[in-house]
Protein chains: 2
Amino acid sequence: MATIHDVARAASVAPSTVSRHINGHSVRQSEAIERAIEELGFRASASARNLRKGSTQVIAMIVPDIQNPYYAATVAGAEEVGRENGLRLVLCNTDEDIELEKAVLRDIVGRVDGVILVPASERSSTALFEAPSAIPLVLMDRETLGPRRFDTVTIDNFRGGTLAAQHLLDLGHRDVAIITGPLTASQSSARERGFLETFAAARFVVPERFIERGNFREDGGYQAALNILSAADRPSALFVINNMMSMGALRAIGHLGIKVPDNLSLLCFDQLPCEGVISPRISTIRRPMQEQGAMAMRLLVTRLRAGDREHEPRTLTLPVELSIAASTQRLAGGGDRGGSYTAA
Amino acid sequence: MATIHDVARAASVAPSTVSRHINGHSVRQSEAIERAIEELGFRASASARNLRKGSTQVIAMIVPDIQNPYYAATVAGAEEVGRENGLRLVLCNTDEDIELEKAVLRDIVGRVDGVILVPASERSSTALFEAPSAIPLVLMDRETLGPRRFDTVTIDNFRGGTLAAQHLLDLGHRDVAIITGPLTASQSSARERGFLETFAAARFVVPERFIERGNFREDGGYQAALNILSAADRPSALFVINNMMSMGALRAIGHLGIKVPDNLSLLCFDQLPCEGVISPRISTIRRPMQEQGAMAMRLLVTRLRAGDREHEPRTLTLPVELSIAASTQRLAGGGDRGGSYTAA
DNA sequence: TTGAAAGCGCTAACAC
DNA sequence: GTGTTAGCGCTTTCAA
């Protein structure tokens, strides 16, 4: 591999001149240098440059599940903003595994200028980023326990749960079930709280047997839905807290031969991979996906540019909205107990 | 950030001893060193180590579309094999854009020890990997023009097309359409050739208006299907050459109110994101996904370990199979012209 | 086993 | 605008 010295010799200049040329400074012998670079197939060593400059122009994004289209979309958003700012994005997967996450973080720190992390758990370790000299970290989608030490882009998860509950209440549903995530996941517990508290406020308690916890993945949603829906007394509505588990729930619903929305109203969180393809269309709680990734990258860029490692952490909370489709239906003969929510 | 020198001083040894310790050599003062590392929060600089050793233990996987679950699955396979071999995987997206791909490659070379590339096009530039001193490259899923210079993991795309055509012929379909990819994509053109040639061999020619080219993405499939299916004379069967375009085609089919399989038999390539959730189930051509990524990583590991940059490139071709479901149906009243393929 | 010293390839003073 | 020089943090001879 040719080095900057080889180029310098071939072009009869000093190495530093070559360096200046590659870095965009104007130089007299630029043509000769260019020619030498071409002929020798010279590529500046990233390691050497990183070592010298102490920066890489690369950002790592670390997500718990690349196969989830939601994260794929946020990645696209982050990538675009990164590109506009001359930053390359690399992606790492943690598989919702806190140990693997730790290993990935240890490995990646020192190779990148900043990290966007979707923590695998509330207990994810962010210790590597706490030293004043550490590279900046932005949390996305989920939060960690304790005081907020990092810039965070989240959505209004609690309100998402509230909107879901309110919609089902409006339709007269009283016996509702929820498929939620592990207790250690901040985003799903906020959605769950919003949901349950809204029902509680309307004086309806969701019984334990109608609360199932899945692993955020298709199979978890399938199993959870099977548990809830194969019992003798079924709920009249089901809220599923993320997209992949919703896919599993849909599969279970198909297996059991349950008709949506006639026998069951179904409300999901996030756009589903099958959207546009299945009928009835699914009612969902939605949030900006690309935008969330884009925002995370913007926060990171700000830290990087300003070098303001000291300013206090910022938190952006993006809005959620309810998208009503055909999968949620007024409960036949049920609305009579309706409280202030129902118009009827 | 603490350096190896700081640790050395704190532990009253030489920097080289600390280095040996971190690299697993046995050292007398290991406890004191360990303590110093802990106290100082020392993390070895990846850049410095890379520069010195000339290796990073990181592999880059470069795919045209992270949002495609097929690639997500291959990534999972590659990641697992990488982990078993002490290699970390980072992922980059090229968005099917050959220019972006070029930029990504330029940027990534020098930061990683090897690359698994799904070329955005047959004309993708692999020049960076052709020098004898270059890092190893493994091509996956698609190939590039010219002689095979790199290890390649592909599937039997031609046979995939053949299987598809034969299945439709068996069912008595004669007027069939195909939604395929750009002419510059090796894998889709092989599938396309397999399909068209099988029909030609049975003396049926697929007319130009029944051959649409999409961009491999949902919107491309939607548009293509709309073009084909909104004409007055529709085909009795449609073959879509990849999963995302299949999703678009399904959406178009829904919009047009076409009933599958009664009014149209539908055959797709690859598992669909909506699988398990829609009915009728879709007949598909399938291939090992995780396994394909795993194989690519294995080839890379072999190159890396052996240092055998000189051995001739190996090509692995994984099998495809036809999975028959409810979306393809015998053509009512059509089978009479059937040749040797049909049992009826 | 250990320490001293050289150097991986690059960039950034500094003096001209 | 250019050459000289020092050094980023680590690993690896070499000699002890």
# chains A, B, ... in the order shown; residues from 1 in each chain; ligands from 1
$ residues_around --residues "Ala46 of chain A" --least-positions-apart "4" --cutoff "12 Å" --atoms "only C-alpha atoms (C1' of nucleotides)" --output "list of chain:residue names"
A:Thr3, A:Asn50, A:Leu51, A:Arg52, A:Lys53, A:Gly54, A:Ser55, A:Thr56, A:Gln57, A:Val58, A:Arg111, A:Val112, B:Ala46, B:Ser47, B:Ala48, B:Asn50, B:Leu51, B:Gly54, B:Ser55, B:Thr56, B:Arg106, B:Asp107, B:Ile108, B:Val109, B:Gly110, B:Arg111, B:Val112, C:DG9, C:DC10
$ write_last_selection --atoms "C-alpha atoms (C1' of nucleotides)" --output "PDB file, in the first residue's frame"
ATOM      1  CA  THR A   3       1.910   5.953   1.651  1.00  0.00           C
ATOM      2  CA  ASN A  50      -7.703   8.953  13.066  1.00  0.00           C
ATOM      3  CA  LEU A  51      -4.799   8.537  15.390  1.00  0.00           C
ATOM      4  CA  ARG A  52      -3.386  11.862  14.446  1.00  0.00           C
ATOM      5  CA  LYS A  53      -6.585  13.880  14.360  1.00  0.00           C
ATOM      6  CA  GLY A  54      -8.400  12.026  17.074  1.00  0.00           C
ATOM      7  CA  SER A  55     -11.542  11.886  14.991  1.00  0.00           C
ATOM      8  CA  THR A  56     -13.076   9.574  12.433  1.00  0.00           C
ATOM      9  CA  GLN A  57     -16.125  11.272  10.930  1.00  0.00           C
ATOM     10  CA  VAL A  58     -18.024   8.089  11.583  1.00  0.00           C
ATOM     11  CA  ARG A 111     -13.573   3.823  16.303  1.00  0.00           C
ATOM     12  CA  VAL A 112     -16.255   6.460  15.940  1.00  0.00           C
TER      13      VAL A 112
ATOM     14  CA  ALA B  46      -8.411   1.441  18.449  1.00  0.00           C
ATOM     15  CA  SER B  47      -6.797   3.822  15.952  1.00  0.00           C
ATOM     16  CA  ALA B  48      -3.347   3.413  17.410  1.00  0.00           C
ATOM     17  CA  ASN B  50      -5.002  -0.495  14.016  1.00  0.00           C
ATOM     18  CA  LEU B  51      -2.218   1.674  12.742  1.00  0.00           C
ATOM     19  CA  GLY B  54      -2.648  -3.061  10.375  1.00  0.00           C
ATOM     20  CA  SER B  55      -5.821  -4.871  11.327  1.00  0.00           C
ATOM     21  CA  THR B  56      -9.099  -4.033  13.017  1.00  0.00           C
ATOM     22  CA  ARG B 106     -13.760   4.439  -0.231  1.00  0.00           C
ATOM     23  CA  ASP B 107     -14.581   5.448   3.280  1.00  0.00           C
ATOM     24  CA  ILE B 108     -14.782   2.031   4.776  1.00  0.00           C
ATOM     25  CA  VAL B 109     -11.679   0.487   3.272  1.00  0.00           C
ATOM     26  CA  GLY B 110      -8.886   1.083   5.731  1.00  0.00           C
ATOM     27  CA  ARG B 111     -11.248   0.895   8.670  1.00  0.00           C
ATOM     28  CA  VAL B 112     -12.066  -2.780   8.388  1.00  0.00           C
TER      29      VAL B 112
ATOM     30  C1'  DG C   9       1.129   6.775   8.312  1.00  0.00           C
ATOM     31  C1'  DC C  10      -0.449  10.754   8.944  1.00  0.00           C
TER      32       DC C  10
END
$ residues_around --residues "DA13 of chain C" --least-positions-apart "4" --cutoff "12 Å" --atoms "only C-alpha atoms (C1' of nucleotides)" --output "list in words"
Ser16 of chain A; DT4, DT5, DA6 and DG7 of chain D
$ write_last_selection --atoms "N, CA and C atoms (P, O5', C5', C4', C3', O3' and C1' of nucleotides)" --output "PDB file, in the first residue's frame"
ATOM      1  N   SER A  16       4.212  16.662   3.720  1.00  0.00           N
ATOM      2  CA  SER A  16       3.215  17.588   4.270  1.00  0.00           C
ATOM      3  C   SER A  16       2.443  18.296   3.159  1.00  0.00           C
TER       4      SER A  16
ATOM      5  P    DT D   4      13.035  18.917   3.569  1.00  0.00           P
ATOM      6  O5'  DT D   4      12.909  19.257   5.117  1.00  0.00           O
ATOM      7  C5'  DT D   4      13.381  20.506   5.608  1.00  0.00           C
ATOM      8  C4'  DT D   4      13.263  20.546   7.119  1.00  0.00           C
ATOM      9  C3'  DT D   4      13.514  19.205   7.816  1.00  0.00           C
ATOM     10  O3'  DT D   4      14.296  19.448   8.977  1.00  0.00           O
ATOM     11  C1'  DT D   4      11.388  20.023   8.432  1.00  0.00           C
ATOM     12  P    DT D   5      14.821  18.248   9.850  1.00  0.00           P
ATOM     13  O5'  DT D   5      13.655  18.190  10.935  1.00  0.00           O
ATOM     14  C5'  DT D   5      13.380  19.358  11.699  1.00  0.00           C
ATOM     15  C4'  DT D   5      12.244  19.078  12.668  1.00  0.00           C
ATOM     16  C3'  DT D   5      12.362  17.746  13.403  1.00  0.00           C
ATOM     17  O3'  DT D   5      12.150  17.996  14.775  1.00  0.00           O
ATOM     18  C1'  DT D   5      10.218  17.986  12.482  1.00  0.00           C
ATOM     19  P    DA D   6      12.607  16.936  15.829  1.00  0.00           P
ATOM     20  O5'  DA D   6      11.302  16.848  16.738  1.00  0.00           O
ATOM     21  C5'  DA D   6      10.524  18.025  16.957  1.00  0.00           C
ATOM     22  C4'  DA D   6       9.104  17.630  17.278  1.00  0.00           C
ATOM     23  C3'  DA D   6       8.978  16.406  18.185  1.00  0.00           C
ATOM     24  O3'  DA D   6       7.992  16.703  19.149  1.00  0.00           O
ATOM     25  C1'  DA D   6       7.725  16.061  16.234  1.00  0.00           C
ATOM     26  P    DG D   7       7.878  15.795  20.416  1.00  0.00           P
ATOM     27  O5'  DG D   7       6.544  14.998  20.079  1.00  0.00           O
ATOM     28  C5'  DG D   7       5.339  15.712  19.854  1.00  0.00           C
ATOM     29  C4'  DG D   7       4.319  14.748  19.312  1.00  0.00           C
ATOM     30  C3'  DG D   7       4.282  13.404  20.063  1.00  0.00           C
ATOM     31  O3'  DG D   7       2.936  13.096  20.314  1.00  0.00           O
ATOM     32  C1'  DG D   7       4.428  13.046  17.774  1.00  0.00           C
TER      33       DG D   7
END
$ interface_residues --of "chain A" --to "chain B" --cutoff "7 Å" --atoms "only C-alpha atoms" --output "PyMOL selection string"
chain A and resi 1+45-48+50-51+66-67+69+72+89-92+110-111+133+247+250-251+273-274+276-278
$ residues_around --residues "Gly161 of chain B" --least-positions-apart "6" --cutoff "8 Å" --atoms "only C-alpha atoms (C1' of nucleotides)" --output "list in words"
Ala190, Arg191, Glu192, Arg193, Gly194, Phe195 and Leu196 of chain B
$ atom_distance --atom1 "atom CA of Ala8 of chain A" --atom2 "atom CA of Val27 of chain A"
12.8 Å
$ closest_residue --among "A:Thr74, A:Thr94, A:Ser265, A:Ser188" --to "Glu122 of chain A" --atoms "only C-alpha atoms"
A:Ser188
$ atom_distance --atom1 "atom CA of Asp6 of chain A" --atom2 "atom CA of Arg28 of chain A"
18.3 Å
$ select_by_dssp --residues "segment 57-254 of chain A" --states "strand (DSSP E or B)" --output "ChimeraX atom specification"
/A:58-63,88-93,109,112,114-117,137-140,151-155,176-180,211-213,237-240
$ write_last_selection --atoms "C-alpha atoms" --output "compact mmCIF listing (two decimals), in the first residue's frame"
# COMPACT_ATOMS: atom_id res chain seq x y z
CA VAL A 58 -18.02 8.09 11.58
CA ILE A 59 -21.08 7.67 13.77
CA ALA A 60 -22.28 4.35 15.10
CA MET A 61 -25.94 3.61 15.49
CA ILE A 62 -26.69 0.73 17.79
CA VAL A 63 -30.12 -0.83 17.69
CA ARG A 88 -20.75 8.21 7.73
CA LEU A 89 -23.09 5.94 9.62
CA VAL A 90 -22.37 2.38 10.62
CA LEU A 91 -24.92 0.16 12.18
CA CYS A 92 -24.59 -2.45 14.91
CA ASN A 93 -27.11 -4.90 16.22
CA VAL A 109 -15.92 3.40 21.19
CA VAL A 112 -16.26 6.46 15.94
CA GLY A 114 -20.28 9.56 18.35
CA VAL A 115 -22.96 7.02 19.09
CA ILE A 116 -26.72 6.86 18.70
CA LEU A 117 -27.94 4.14 20.99
CA LEU A 137 -23.90 9.67 23.06
CA VAL A 138 -27.49 10.26 22.02
CA LEU A 139 -30.20 7.94 23.27
CA MET A 140 -33.06 7.14 20.98
CA ASP A 151 -29.28 13.94 24.78
CA THR A 152 -32.38 11.93 24.13
CA VAL A 153 -34.90 11.68 21.31
CA THR A 154 -38.01 9.96 22.38
CA ILE A 155 -41.67 10.07 21.62
CA VAL A 176 -59.53 -5.07 26.83
CA ALA A 177 -56.19 -6.80 26.74
CA ILE A 178 -52.69 -5.49 26.16
CA ILE A 179 -49.58 -7.16 24.84
CA THR A 180 -46.67 -5.18 26.17
CA ILE A 211 -51.77 -8.25 30.36
CA GLU A 212 -49.14 -10.26 28.52
CA ARG A 213 -45.46 -9.46 28.17
CA ALA A 237 -60.30 -5.43 22.10
CA LEU A 238 -56.55 -5.93 22.03
CA PHE A 239 -53.79 -3.33 22.09
CA VAL A 240 -50.34 -4.47 20.97
$ interface_residues --of "chain D" --to "chain A" --cutoff "10 Å" --atoms "only C-alpha atoms (C1' of nucleotides)" --output "PyMOL selection string"
chain D and resi 1-4+7-10
$ write_last_selection --atoms "C-alpha atoms (C1' of nucleotides)" --output "JSON list (two decimals), in the first residue's frame"
[["chain", "number", "residue", "atom", "x", "y", "z"],
["D", 1, "DG", "C1'", 3.00, 28.06, -0.07],
["D", 2, "DT", "C1'", 6.60, 24.76, 1.46],
["D", 3, "DG", "C1'", 9.88, 21.62, 3.95],
["D", 4, "DT", "C1'", 11.39, 20.02, 8.43],
["D", 7, "DG", "C1'", 4.43, 13.05, 17.77],
["D", 8, "DC", "C1'", -0.74, 10.87, 17.99],
["D", 9, "DG", "C1'", -0.85, 5.64, 21.15],
["D", 10, "DC", "C1'", 0.20, 1.58, 20.41]]
$ interface_residues --of "chain C" --to "chain B" --cutoff "12 Å" --atoms "only C-alpha atoms (C1' of nucleotides)" --output "list in words"
DT1, DT2, DG3, DA4, DA5, DG7, DC8, DG9 and DC10 of chain C
$ select_by_dssp --residues "segment 7-245 of chain B" --states "helix (DSSP H, G or I)" --output "PyMOL selection string"
chain B and resi 7-11+15-22+30-40+46-53+69-84+98-108+127-129+157-170+186-201+208-210+218-229+243-245
